[in-house]
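K.L.:
Below is the file coords30.cif, with mmCIF, N, CA and C atoms.
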```cif
data_model
loop_
_atom_site.label_atom_id
_atom_site.label_comp_id
_atom_site.auth_asym_id
_atom_site.auth_seq_id
_atom_site.Cartn_x
_atom_site.Cartn_y
_atom_site.Cartn_z
N MET B 1 19.06 0.00 -11.09
CA MET B 1 17.97 -0.69 -10.38
C MET B 1 17.19 -1.54 -11.37
N GLU B 2 16.42 -2.44 -10.82
CA GLU B 2 15.67 -3.40 -11.62
C GLU B 2 14.57 -2.73 -12.44
N VAL B 3 14.37 -3.24 -13.66
CA VAL B 3 13.28 -2.76 -14.50
C VAL B 3 11.98 -3.30 -13.92
N LEU B 4 10.99 -2.41 -13.78
CA LEU B 4 9.73 -2.77 -13.16
C LEU B 4 8.62 -2.85 -14.20
N ASN B 5 7.50 -3.40 -13.82
CA ASN B 5 6.33 -3.48 -14.69
C ASN B 5 5.49 -2.21 -14.51
N LEU B 6 6.14 -1.09 -14.77
CA LEU B 6 5.54 0.25 -14.68
C LEU B 6 6.17 1.10 -15.78
N PRO B 7 5.51 2.20 -16.18
CA PRO B 7 6.17 3.09 -17.14
C PRO B 7 7.50 3.60 -16.57
N SER B 8 8.35 4.07 -17.46
CA SER B 8 9.66 4.61 -17.05
C SER B 8 9.52 6.08 -16.64
N TYR B 9 10.16 6.44 -15.56
CA TYR B 9 10.12 7.82 -15.06
C TYR B 9 11.54 8.31 -14.80
N GLN B 10 11.71 9.62 -14.80
CA GLN B 10 13.00 10.25 -14.50
C GLN B 10 13.07 10.55 -13.01
N PHE B 11 14.21 10.24 -12.41
CA PHE B 11 14.41 10.49 -10.99
C PHE B 11 15.74 11.19 -10.77
N SER B 12 15.82 11.91 -9.68
CA SER B 12 17.08 12.49 -9.24
C SER B 12 17.72 11.49 -8.29
N ILE B 13 18.82 10.87 -8.74
CA ILE B 13 19.54 9.89 -7.94
C ILE B 13 20.96 10.37 -7.75
N LYS B 14 21.42 10.34 -6.51
CA LYS B 14 22.78 10.77 -6.19
C LYS B 14 23.46 9.69 -5.39
N GLU B 15 24.80 9.68 -5.47
CA GLU B 15 25.57 8.72 -4.69
C GLU B 15 26.54 9.47 -3.80
N ALA B 16 26.56 9.09 -2.54
CA ALA B 16 27.48 9.69 -1.56
C ALA B 16 27.95 8.59 -0.62
N ALA B 17 29.22 8.55 -0.38
CA ALA B 17 29.81 7.55 0.52
C ALA B 17 29.40 6.13 0.12
N GLY B 18 29.31 5.90 -1.19
CA GLY B 18 28.99 4.57 -1.68
C GLY B 18 27.54 4.17 -1.58
N ARG B 19 26.68 5.09 -1.17
CA ARG B 19 25.25 4.78 -1.02
C ARG B 19 24.44 5.66 -1.97
N LYS B 20 23.51 5.05 -2.66
CA LYS B 20 22.64 5.78 -3.57
C LYS B 20 21.43 6.31 -2.82
N LYS B 21 21.02 7.53 -3.23
CA LYS B 21 19.80 8.13 -2.68
C LYS B 21 18.95 8.63 -3.84
N ILE B 22 17.64 8.63 -3.60
CA ILE B 22 16.69 9.07 -4.60
C ILE B 22 15.83 10.17 -3.99
N PHE B 23 15.48 11.18 -4.81
CA PHE B 23 14.66 12.27 -4.29
C PHE B 23 13.20 11.84 -4.27
N ASP B 24 12.57 11.98 -3.11
CA ASP B 24 11.15 11.68 -2.93
C ASP B 24 10.39 13.00 -3.01
N GLN B 25 9.62 13.18 -4.07
CA GLN B 25 8.91 14.45 -4.27
C GLN B 25 7.80 14.67 -3.25
N ILE B 26 7.31 13.61 -2.63
CA ILE B 26 6.25 13.78 -1.63
C ILE B 26 6.86 14.22 -0.30
N ARG B 27 7.91 13.54 0.14
CA ARG B 27 8.57 13.90 1.39
C ARG B 27 9.54 15.06 1.24
N LYS B 28 9.83 15.44 -0.01
CA LYS B 28 10.72 16.57 -0.34
C LYS B 28 12.12 16.39 0.25
N LYS B 29 12.67 15.17 0.08
CA LYS B 29 14.02 14.93 0.57
C LYS B 29 14.61 13.70 -0.13
N MET B 30 15.93 13.59 -0.04
CA MET B 30 16.63 12.42 -0.56
C MET B 30 16.47 11.29 0.45
N VAL B 31 16.21 10.09 -0.03
CA VAL B 31 16.06 8.92 0.84
C VAL B 31 16.91 7.79 0.27
N ALA B 32 17.29 6.85 1.13
CA ALA B 32 18.11 5.72 0.70
C ALA B 32 17.40 4.94 -0.40
N LEU B 33 18.15 4.64 -1.45
CA LEU B 33 17.58 3.92 -2.59
C LEU B 33 17.74 2.41 -2.38
N THR B 34 16.74 1.84 -1.74
CA THR B 34 16.67 0.39 -1.53
C THR B 34 15.76 -0.19 -2.62
N PRO B 35 15.76 -1.50 -2.81
CA PRO B 35 14.83 -2.08 -3.79
C PRO B 35 13.36 -1.72 -3.49
N GLU B 36 12.96 -1.73 -2.21
CA GLU B 36 11.58 -1.35 -1.88
C GLU B 36 11.32 0.12 -2.19
N GLU B 37 12.29 0.98 -1.91
CA GLU B 37 12.12 2.41 -2.20
C GLU B 37 12.01 2.65 -3.70
N TRP B 38 12.75 1.87 -4.50
CA TRP B 38 12.66 1.98 -5.96
C TRP B 38 11.23 1.69 -6.41
N VAL B 39 10.64 0.64 -5.86
CA VAL B 39 9.25 0.30 -6.19
C VAL B 39 8.33 1.43 -5.73
N ARG B 40 8.51 1.92 -4.51
CA ARG B 40 7.64 2.98 -3.98
C ARG B 40 7.71 4.24 -4.85
N GLN B 41 8.92 4.66 -5.21
CA GLN B 41 9.05 5.88 -6.00
C GLN B 41 8.44 5.73 -7.40
N ASN B 42 8.62 4.57 -8.01
CA ASN B 42 8.02 4.34 -9.32
C ASN B 42 6.51 4.26 -9.22
N PHE B 43 6.00 3.62 -8.17
CA PHE B 43 4.55 3.50 -8.02
C PHE B 43 3.92 4.86 -7.72
N LEU B 44 4.61 5.69 -6.96
CA LEU B 44 4.13 7.06 -6.71
C LEU B 44 3.97 7.80 -8.03
N GLN B 45 4.97 7.71 -8.89
CA GLN B 45 4.90 8.39 -10.18
C GLN B 45 3.77 7.84 -11.03
N PHE B 46 3.57 6.53 -10.96
CA PHE B 46 2.47 5.90 -11.68
C PHE B 46 1.13 6.45 -11.21
N LEU B 47 0.94 6.54 -9.90
CA LEU B 47 -0.31 7.09 -9.36
C LEU B 47 -0.51 8.54 -9.79
N ILE B 48 0.55 9.33 -9.73
CA ILE B 48 0.46 10.75 -10.05
C ILE B 48 0.25 10.99 -11.55
N HIS B 49 1.06 10.35 -12.37
CA HIS B 49 1.04 10.64 -13.81
C HIS B 49 0.03 9.84 -14.61
N GLU B 50 -0.13 8.57 -14.27
CA GLU B 50 -1.04 7.73 -15.06
C GLU B 50 -2.45 7.71 -14.48
N LYS B 51 -2.55 7.69 -13.16
CA LYS B 51 -3.85 7.55 -12.52
C LYS B 51 -4.38 8.87 -11.95
N LYS B 52 -3.63 9.95 -12.14
CA LYS B 52 -4.07 11.32 -11.83
C LYS B 52 -4.35 11.59 -10.35
N TYR B 53 -3.66 10.88 -9.44
CA TYR B 53 -3.77 11.17 -8.01
C TYR B 53 -2.97 12.44 -7.74
N PRO B 54 -3.56 13.47 -7.13
CA PRO B 54 -2.82 14.70 -6.85
C PRO B 54 -1.69 14.44 -5.84
N ALA B 55 -0.48 14.85 -6.19
CA ALA B 55 0.66 14.66 -5.30
C ALA B 55 0.41 15.30 -3.93
N SER B 56 -0.33 16.40 -3.92
CA SER B 56 -0.60 17.10 -2.66
C SER B 56 -1.53 16.32 -1.74
N LEU B 57 -2.18 15.27 -2.26
CA LEU B 57 -3.09 14.46 -1.46
C LEU B 57 -2.55 13.05 -1.23
N ILE B 58 -1.22 12.92 -1.28
CA ILE B 58 -0.57 11.64 -1.05
C ILE B 58 0.40 11.77 0.11
N ALA B 59 0.40 10.78 0.99
CA ALA B 59 1.37 10.70 2.08
C ALA B 59 2.22 9.46 1.89
N VAL B 60 3.50 9.57 2.22
CA VAL B 60 4.43 8.44 2.16
C VAL B 60 4.86 8.09 3.58
N GLU B 61 4.86 6.81 3.88
CA GLU B 61 5.17 6.32 5.22
C GLU B 61 4.28 7.00 6.26
N ALA B 62 2.99 6.98 5.99
CA ALA B 62 2.01 7.59 6.89
C ALA B 62 1.90 6.77 8.17
N LYS B 63 1.95 7.44 9.31
CA LYS B 63 1.85 6.75 10.59
C LYS B 63 0.45 6.19 10.78
N VAL B 64 0.42 4.93 11.24
CA VAL B 64 -0.84 4.26 11.53
C VAL B 64 -0.65 3.58 12.88
N ASN B 65 -1.47 3.94 13.85
CA ASN B 65 -1.40 3.31 15.17
C ASN B 65 -2.41 2.17 15.24
N ILE B 66 -1.88 0.97 15.49
CA ILE B 66 -2.73 -0.22 15.56
C ILE B 66 -2.45 -0.90 16.90
N ASN B 67 -3.48 -0.95 17.73
CA ASN B 67 -3.35 -1.57 19.06
C ASN B 67 -2.17 -1.00 19.85
N GLY B 68 -1.98 0.30 19.77
CA GLY B 68 -0.92 0.95 20.52
C GLY B 68 0.45 0.88 19.87
N LEU B 69 0.55 0.20 18.73
CA LEU B 69 1.83 0.10 18.02
C LEU B 69 1.85 1.07 16.85
N SER B 70 2.91 1.83 16.73
CA SER B 70 3.06 2.78 15.63
C SER B 70 3.66 2.06 14.43
N GLN B 71 2.93 2.05 13.32
CA GLN B 71 3.40 1.43 12.08
C GLN B 71 3.31 2.48 10.98
N ARG B 72 3.82 2.13 9.80
CA ARG B 72 3.82 3.09 8.70
C ARG B 72 3.28 2.44 7.42
N ALA B 73 2.30 3.08 6.84
CA ALA B 73 1.77 2.64 5.54
C ALA B 73 2.64 3.28 4.46
N ASP B 74 3.04 2.50 3.47
CA ASP B 74 3.94 3.01 2.44
C ASP B 74 3.37 4.23 1.72
N ILE B 75 2.15 4.09 1.20
CA ILE B 75 1.50 5.18 0.46
C ILE B 75 0.05 5.24 0.89
N VAL B 76 -0.42 6.44 1.20
CA VAL B 76 -1.84 6.67 1.47
C VAL B 76 -2.28 7.85 0.62
N ALA B 77 -3.34 7.66 -0.14
CA ALA B 77 -3.91 8.74 -0.95
C ALA B 77 -5.22 9.17 -0.31
N TYR B 78 -5.50 10.46 -0.38
CA TYR B 78 -6.67 11.06 0.25
C TYR B 78 -7.55 11.72 -0.79
N ASN B 79 -8.84 11.91 -0.44
CA ASN B 79 -9.72 12.71 -1.29
C ASN B 79 -9.58 14.18 -0.87
N THR B 80 -10.36 15.04 -1.47
CA THR B 80 -10.24 16.48 -1.18
C THR B 80 -10.72 16.84 0.22
N LEU B 81 -11.42 15.93 0.88
CA LEU B 81 -11.84 16.16 2.27
C LEU B 81 -10.82 15.60 3.26
N ARG B 82 -9.67 15.15 2.74
CA ARG B 82 -8.58 14.56 3.53
C ARG B 82 -8.98 13.23 4.18
N LYS B 83 -9.93 12.53 3.54
CA LYS B 83 -10.31 11.19 3.99
C LYS B 83 -9.46 10.20 3.19
N PRO B 84 -8.80 9.24 3.87
CA PRO B 84 -8.00 8.25 3.13
C PRO B 84 -8.88 7.43 2.19
N ILE B 85 -8.41 7.26 0.94
CA ILE B 85 -9.18 6.50 -0.04
C ILE B 85 -8.41 5.31 -0.59
N LEU B 86 -7.07 5.31 -0.43
CA LEU B 86 -6.25 4.25 -1.00
C LEU B 86 -5.03 4.03 -0.11
N ILE B 87 -4.73 2.76 0.18
CA ILE B 87 -3.48 2.39 0.86
C ILE B 87 -2.71 1.50 -0.11
N VAL B 88 -1.42 1.77 -0.23
CA VAL B 88 -0.55 0.93 -1.06
C VAL B 88 0.58 0.40 -0.20
N GLU B 89 0.78 -0.89 -0.24
CA GLU B 89 1.93 -1.52 0.43
C GLU B 89 2.91 -1.93 -0.66
N CYS B 90 4.14 -1.43 -0.55
CA CYS B 90 5.18 -1.72 -1.54
C CYS B 90 6.18 -2.72 -0.97
N LYS B 91 6.59 -3.63 -1.80
CA LYS B 91 7.62 -4.62 -1.45
C LYS B 91 8.70 -4.59 -2.52
N ALA B 92 9.87 -5.07 -2.17
CA ALA B 92 10.97 -5.18 -3.13
C ALA B 92 10.56 -6.18 -4.23
N PRO B 93 11.12 -6.02 -5.43
CA PRO B 93 10.75 -6.93 -6.53
C PRO B 93 10.94 -8.41 -6.23
N LYS B 94 11.89 -8.75 -5.40
CA LYS B 94 12.15 -10.15 -5.08
C LYS B 94 11.17 -10.72 -4.05
N VAL B 95 10.36 -9.86 -3.43
CA VAL B 95 9.41 -10.32 -2.42
C VAL B 95 8.12 -10.75 -3.12
N LYS B 96 7.71 -11.96 -2.85
CA LYS B 96 6.47 -12.49 -3.43
C LYS B 96 5.27 -11.85 -2.74
N ILE B 97 4.28 -11.48 -3.53
CA ILE B 97 3.04 -10.94 -2.98
C ILE B 97 2.22 -12.13 -2.45
N SER B 98 2.01 -12.13 -1.15
CA SER B 98 1.35 -13.26 -0.51
C SER B 98 0.14 -12.78 0.30
N GLN B 99 -0.55 -13.73 0.88
CA GLN B 99 -1.68 -13.40 1.76
C GLN B 99 -1.19 -12.58 2.94
N GLU B 100 0.01 -12.84 3.41
CA GLU B 100 0.58 -12.08 4.54
C GLU B 100 0.71 -10.59 4.20
N VAL B 101 1.08 -10.30 2.95
CA VAL B 101 1.19 -8.91 2.52
C VAL B 101 -0.20 -8.26 2.51
N PHE B 102 -1.20 -8.99 2.01
CA PHE B 102 -2.57 -8.46 2.04
C PHE B 102 -3.05 -8.26 3.46
N ASN B 103 -2.70 -9.18 4.35
CA ASN B 103 -3.09 -9.04 5.75
C ASN B 103 -2.48 -7.78 6.36
N GLN B 104 -1.24 -7.47 5.97
CA GLN B 104 -0.58 -6.27 6.48
C GLN B 104 -1.35 -5.01 6.09
N VAL B 105 -1.70 -4.90 4.82
CA VAL B 105 -2.43 -3.71 4.36
C VAL B 105 -3.84 -3.70 4.94
N ALA B 106 -4.43 -4.87 5.13
CA ALA B 106 -5.77 -4.94 5.74
C ALA B 106 -5.74 -4.45 7.19
N ARG B 107 -4.65 -4.75 7.91
CA ARG B 107 -4.52 -4.25 9.29
C ARG B 107 -4.46 -2.72 9.30
N TYR B 108 -3.72 -2.14 8.38
CA TYR B 108 -3.67 -0.68 8.28
C TYR B 108 -5.06 -0.13 8.00
N ASN B 109 -5.81 -0.88 7.19
CA ASN B 109 -7.13 -0.39 6.79
C ASN B 109 -8.15 -0.46 7.91
N ILE B 110 -7.92 -1.27 8.93
CA ILE B 110 -8.82 -1.26 10.09
C ILE B 110 -8.88 0.14 10.66
N LYS B 111 -7.74 0.81 10.68
CA LYS B 111 -7.65 2.17 11.21
C LYS B 111 -8.04 3.23 10.17
N LEU B 112 -7.53 3.08 8.93
CA LEU B 112 -7.71 4.13 7.92
C LEU B 112 -9.06 4.09 7.21
N GLN B 113 -9.67 2.90 7.12
CA GLN B 113 -11.01 2.76 6.51
C GLN B 113 -11.07 3.27 5.07
N THR B 114 -10.12 2.84 4.22
CA THR B 114 -10.16 3.23 2.81
C THR B 114 -11.08 2.30 2.03
N ARG B 115 -11.42 2.70 0.83
CA ARG B 115 -12.21 1.84 -0.06
C ARG B 115 -11.31 0.98 -0.93
N LEU B 116 -10.05 1.42 -1.13
CA LEU B 116 -9.14 0.70 -2.02
C LEU B 116 -7.87 0.30 -1.28
N ILE B 117 -7.44 -0.94 -1.51
CA ILE B 117 -6.14 -1.38 -0.99
C ILE B 117 -5.35 -1.94 -2.17
N CYS B 118 -4.06 -1.73 -2.12
CA CYS B 118 -3.22 -2.14 -3.23
C CYS B 118 -1.89 -2.66 -2.68
N VAL B 119 -1.37 -3.70 -3.30
CA VAL B 119 -0.04 -4.19 -2.97
C VAL B 119 0.74 -4.34 -4.27
N THR B 120 2.04 -4.05 -4.20
CA THR B 120 2.89 -4.16 -5.39
C THR B 120 4.31 -4.50 -5.00
N ASN B 121 4.96 -5.24 -5.88
CA ASN B 121 6.39 -5.44 -5.75
C ASN B 121 7.08 -4.86 -6.99
N GLY B 122 6.36 -4.02 -7.70
CA GLY B 122 6.89 -3.39 -8.90
C GLY B 122 6.72 -4.24 -10.15
N LEU B 123 6.57 -5.53 -9.95
CA LEU B 123 6.38 -6.46 -11.07
C LEU B 123 4.93 -6.91 -11.15
N ASN B 124 4.34 -7.15 -9.99
CA ASN B 124 2.93 -7.54 -9.89
C ASN B 124 2.21 -6.53 -9.01
N HIS B 125 1.04 -6.11 -9.47
CA HIS B 125 0.25 -5.13 -8.73
C HIS B 125 -1.15 -5.71 -8.54
N TYR B 126 -1.63 -5.64 -7.31
CA TYR B 126 -2.97 -6.13 -7.01
C TYR B 126 -3.73 -5.03 -6.30
N CYS B 127 -4.94 -4.77 -6.79
CA CYS B 127 -5.77 -3.74 -6.17
C CYS B 127 -7.13 -4.35 -5.90
N ALA B 128 -7.69 -4.00 -4.75
CA ALA B 128 -9.00 -4.53 -4.37
C ALA B 128 -9.83 -3.40 -3.78
N VAL B 129 -11.13 -3.54 -3.93
CA VAL B 129 -12.07 -2.60 -3.33
C VAL B 129 -12.69 -3.30 -2.13
N ILE B 130 -12.79 -2.56 -1.04
CA ILE B 130 -13.40 -3.10 0.17
C ILE B 130 -14.91 -3.16 -0.04
N LYS B 131 -15.51 -4.26 0.32
CA LYS B 131 -16.96 -4.41 0.16
C LYS B 131 -17.68 -3.41 1.06
N ASN B 132 -18.88 -3.02 0.66
CA ASN B 132 -19.64 -1.99 1.38
C ASN B 132 -19.89 -2.34 2.84
N ASP B 133 -20.00 -3.63 3.14
CA ASP B 133 -20.22 -4.02 4.53
C ASP B 133 -18.92 -4.06 5.33
N GLY B 134 -17.79 -3.78 4.63
CA GLY B 134 -16.50 -3.76 5.30
C GLY B 134 -15.93 -5.14 5.54
N LEU B 135 -16.64 -6.16 5.13
CA LEU B 135 -16.20 -7.54 5.35
C LEU B 135 -15.70 -8.13 4.03
N GLY B 136 -14.42 -8.13 3.84
CA GLY B 136 -13.84 -8.70 2.63
C GLY B 136 -13.61 -7.67 1.54
N TYR B 137 -13.07 -8.16 0.44
CA TYR B 137 -12.76 -7.29 -0.68
C TYR B 137 -12.88 -8.05 -1.99
N SER B 138 -12.99 -7.30 -3.08
CA SER B 138 -13.05 -7.87 -4.42
C SER B 138 -11.89 -7.30 -5.23
N PHE B 139 -11.17 -8.17 -5.92
CA PHE B 139 -10.06 -7.71 -6.74
C PHE B 139 -10.56 -6.95 -7.96
N LEU B 140 -9.79 -5.95 -8.35
CA LEU B 140 -10.08 -5.15 -9.54
C LEU B 140 -9.10 -5.55 -10.64
N ASN B 141 -9.49 -5.33 -11.90
CA ASN B 141 -8.61 -5.65 -13.02
C ASN B 141 -7.49 -4.63 -13.16
N GLU B 142 -7.73 -3.42 -12.67
CA GLU B 142 -6.70 -2.38 -12.74
C GLU B 142 -6.89 -1.40 -11.60
N ILE B 143 -5.88 -0.60 -11.38
CA ILE B 143 -5.92 0.41 -10.33
C ILE B 143 -6.77 1.57 -10.85
N PRO B 144 -7.81 1.96 -10.12
CA PRO B 144 -8.69 3.03 -10.62
C PRO B 144 -8.00 4.38 -10.64
N GLU B 145 -8.45 5.22 -11.55
CA GLU B 145 -7.98 6.60 -11.58
C GLU B 145 -8.53 7.32 -10.35
N TYR B 146 -7.88 8.42 -10.01
CA TYR B 146 -8.28 9.22 -8.85
C TYR B 146 -9.71 9.69 -9.02
N ASN B 147 -10.47 9.58 -7.93
CA ASN B 147 -11.83 10.08 -7.90
C ASN B 147 -12.01 10.77 -6.57
N LYS B 148 -12.11 12.08 -6.60
CA LYS B 148 -12.18 12.84 -5.36
C LYS B 148 -13.42 12.52 -4.54
N ASN B 149 -14.41 11.86 -5.14
CA ASN B 149 -15.64 11.54 -4.41
C ASN B 149 -15.60 10.16 -3.77
N LEU B 150 -14.55 9.42 -3.98
CA LEU B 150 -14.47 8.05 -3.46
C LEU B 150 -14.47 8.02 -1.95
#
```
Output the file's structure as structure tokens, nothing else.
P.N.:
Amino acid sequence: MEVLNLPSYQFSIKEAAGRKKIFDQIRKKMVALTPEEWVRQNFLQFLIHEKKYPASLIAVEAKVNINGLSQRADIVAYNTLRKPILIVECKAPKVKISQEVFNQVARYNIKLQTRLICVTNGLNHYCAVIKNDGLGYSFLNEIPEYNKNL
């Protein structure tokens, strides 16, 4: 798989019937190893190991209902009160991070009401904090470490 702009991590990868699978420690199962999944798994490890987000407070492909439509947020991190604090939208490395990608995570945030939103394609990572009035966001220079009080 492609080298990403993240630290290197060890993964359990298996091949069966010509298809590669990677073990997802959050979902506790092997999943198809697509370019987007490679980014998601690496970013999960980054959040857990570098930014100290507790694995037990992270959901992968969390269901989000928006206007009656069931969608899935790639990564949602929670505080100790189980309130969502961070949404991450992952894209394959070849996908350009655009306003459309930010709009997608912003739609999820209408429902989840997190303080932090993040988008990544494994090469470029953008994180923003939602303004206190809920109208707009400000970009951060880096992804904040876990703060259970956020």
K.L.:
When the PyMOL selection byres (((chain B and resi 89 and name CA) around 6) and name CA) is applied to the file above, which residues end up in the set, as a ChimeraX atom specification?
P.N.:
/B:74,88,90,119
K.L.:
Quick one: residues within 7 Å of region 25-35 of chain B, all atoms listed in the file counted, chain neighbours fewer than 5 positions away excluded, as a PyMOL selection string?
P.N.:
chain B and resi 19-20+40+55+58-60+91-93
K.L.:
Just give me the gap between CA of Ala62 (chain B) and atom N of Val76 (chain B) in Å, one decimal is fine.
P.N.:
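Straight-line distance from CA of Ala62 (chain B) to atom N of Val76 (chain B) works out to 6.3 Å.
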K.L.:
May I ask which of the residues B:Leu140, B:Ile97, B:Leu6, B:Leu123 is the closest one to Phe46 (chain B), counting all atoms listed in the file?
P.N.:
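Distance minimum relative to Phe46 (chain B) lands on B:Leu6.
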K.L.:
Just list the residues in region 14-91 of chain B DSSP gives alpha helix (DSSP H) on the backbone, as a ChimeraX atom specification.
P.N.:
/B:35-45
K.L.:
Return as lines of an AutoDock Vina configuration file the centre and edge lengths, in Å with one decimal, of the box along x, y and z that encloses every atom of region 37-45 of chain B in the file, padded by 3 Å per side.
P.N.:
```
center_x = 8.3
center_y = 4.3
center_z = -6.5
size_x = 15.0
size_y = 14.1
size_z = 15.1
```
K.L.:
Skipping near chain neighbours, those fewer than 4 positions away, what residues fall within 10 Å of Ile130 (chain B) using only C-alpha atoms, listed as a PDB file with N, CA and C atoms, in the frame of the given file?
P.N.:
```pdb
ATOM      1  N   ALA B 106      -4.430  -4.870   5.130  1.00  0.00           N
ATOM      2  CA  ALA B 106      -5.770  -4.940   5.740  1.00  0.00           C
ATOM      3  C   ALA B 106      -5.740  -4.450   7.190  1.00  0.00           C
ATOM      4  N   ASN B 109      -5.810  -0.880   7.190  1.00  0.00           N
ATOM      5  CA  ASN B 109      -7.130  -0.390   6.790  1.00  0.00           C
ATOM      6  C   ASN B 109      -8.150  -0.460   7.910  1.00  0.00           C
ATOM      7  N   GLN B 113      -9.670   2.900   7.120  1.00  0.00           N
ATOM      8  CA  GLN B 113     -11.010   2.760   6.510  1.00  0.00           C
ATOM      9  C   GLN B 113     -11.070   3.270   5.070  1.00  0.00           C
ATOM     10  N   THR B 114     -10.120   2.840   4.220  1.00  0.00           N
ATOM     11  CA  THR B 114     -10.160   3.230   2.810  1.00  0.00           C
ATOM     12  C   THR B 114     -11.080   2.300   2.030  1.00  0.00           C
ATOM     13  N   ARG B 115     -11.420   2.700   0.830  1.00  0.00           N
ATOM     14  CA  ARG B 115     -12.210   1.840  -0.060  1.00  0.00           C
ATOM     15  C   ARG B 115     -11.310   0.980  -0.930  1.00  0.00           C
ATOM     16  N   LEU B 116     -10.050   1.420  -1.130  1.00  0.00           N
ATOM     17  CA  LEU B 116      -9.140   0.700  -2.020  1.00  0.00           C
ATOM     18  C   LEU B 116      -7.870   0.300  -1.280  1.00  0.00           C
ATOM     19  N   ILE B 117      -7.440  -0.940  -1.510  1.00  0.00           N
ATOM     20  CA  ILE B 117      -6.140  -1.380  -0.990  1.00  0.00           C
ATOM     21  C   ILE B 117      -5.350  -1.940  -2.170  1.00  0.00           C
ATOM     22  N   GLY B 134     -17.790  -3.780   4.630  1.00  0.00           N
ATOM     23  CA  GLY B 134     -16.500  -3.760   5.300  1.00  0.00           C
ATOM     24  C   GLY B 134     -15.930  -5.140   5.540  1.00  0.00           C
ATOM     25  N   LEU B 135     -16.640  -6.160   5.130  1.00  0.00           N
ATOM     26  CA  LEU B 135     -16.200  -7.540   5.350  1.00  0.00           C
ATOM     27  C   LEU B 135     -15.700  -8.130   4.030  1.00  0.00           C
ATOM     28  N   GLY B 136     -14.420  -8.130   3.840  1.00  0.00           N
ATOM     29  CA  GLY B 136     -13.840  -8.700   2.630  1.00  0.00           C
ATOM     30  C   GLY B 136     -13.610  -7.670   1.540  1.00  0.00           C
ATOM     31  N   TYR B 137     -13.070  -8.160   0.440  1.00  0.00           N
ATOM     32  CA  TYR B 137     -12.760  -7.290  -0.680  1.00  0.00           C
ATOM     33  C   TYR B 137     -12.880  -8.050  -1.990  1.00  0.00           C
ATOM     34  N   SER B 138     -12.990  -7.300  -3.080  1.00  0.00           N
ATOM     35  CA  SER B 138     -13.050  -7.870  -4.420  1.00  0.00           C
ATOM     36  C   SER B 138     -11.890  -7.300  -5.230  1.00  0.00           C
ATOM     37  N   PHE B 139     -11.170  -8.170  -5.920  1.00  0.00           N
ATOM     38  CA  PHE B 139     -10.060  -7.710  -6.740  1.00  0.00           C
ATOM     39  C   PHE B 139     -10.560  -6.950  -7.960  1.00  0.00           C
TER      40      PHE B 139
END
```
K.L.:
Report, in Å to a single decimal, how far apart atom C of Lys51 (chain B) and atom C of Glu145 (chain B) are.
P.N.:
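It comes out at 4.7 Å.
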K.L.:
Tell me which of B:Pro144, B:Gly122, B:Pro84, B:Pro54 sits closest to Val39 (chain B), counting only C-alpha atoms.
P.N.:
B:Gly122
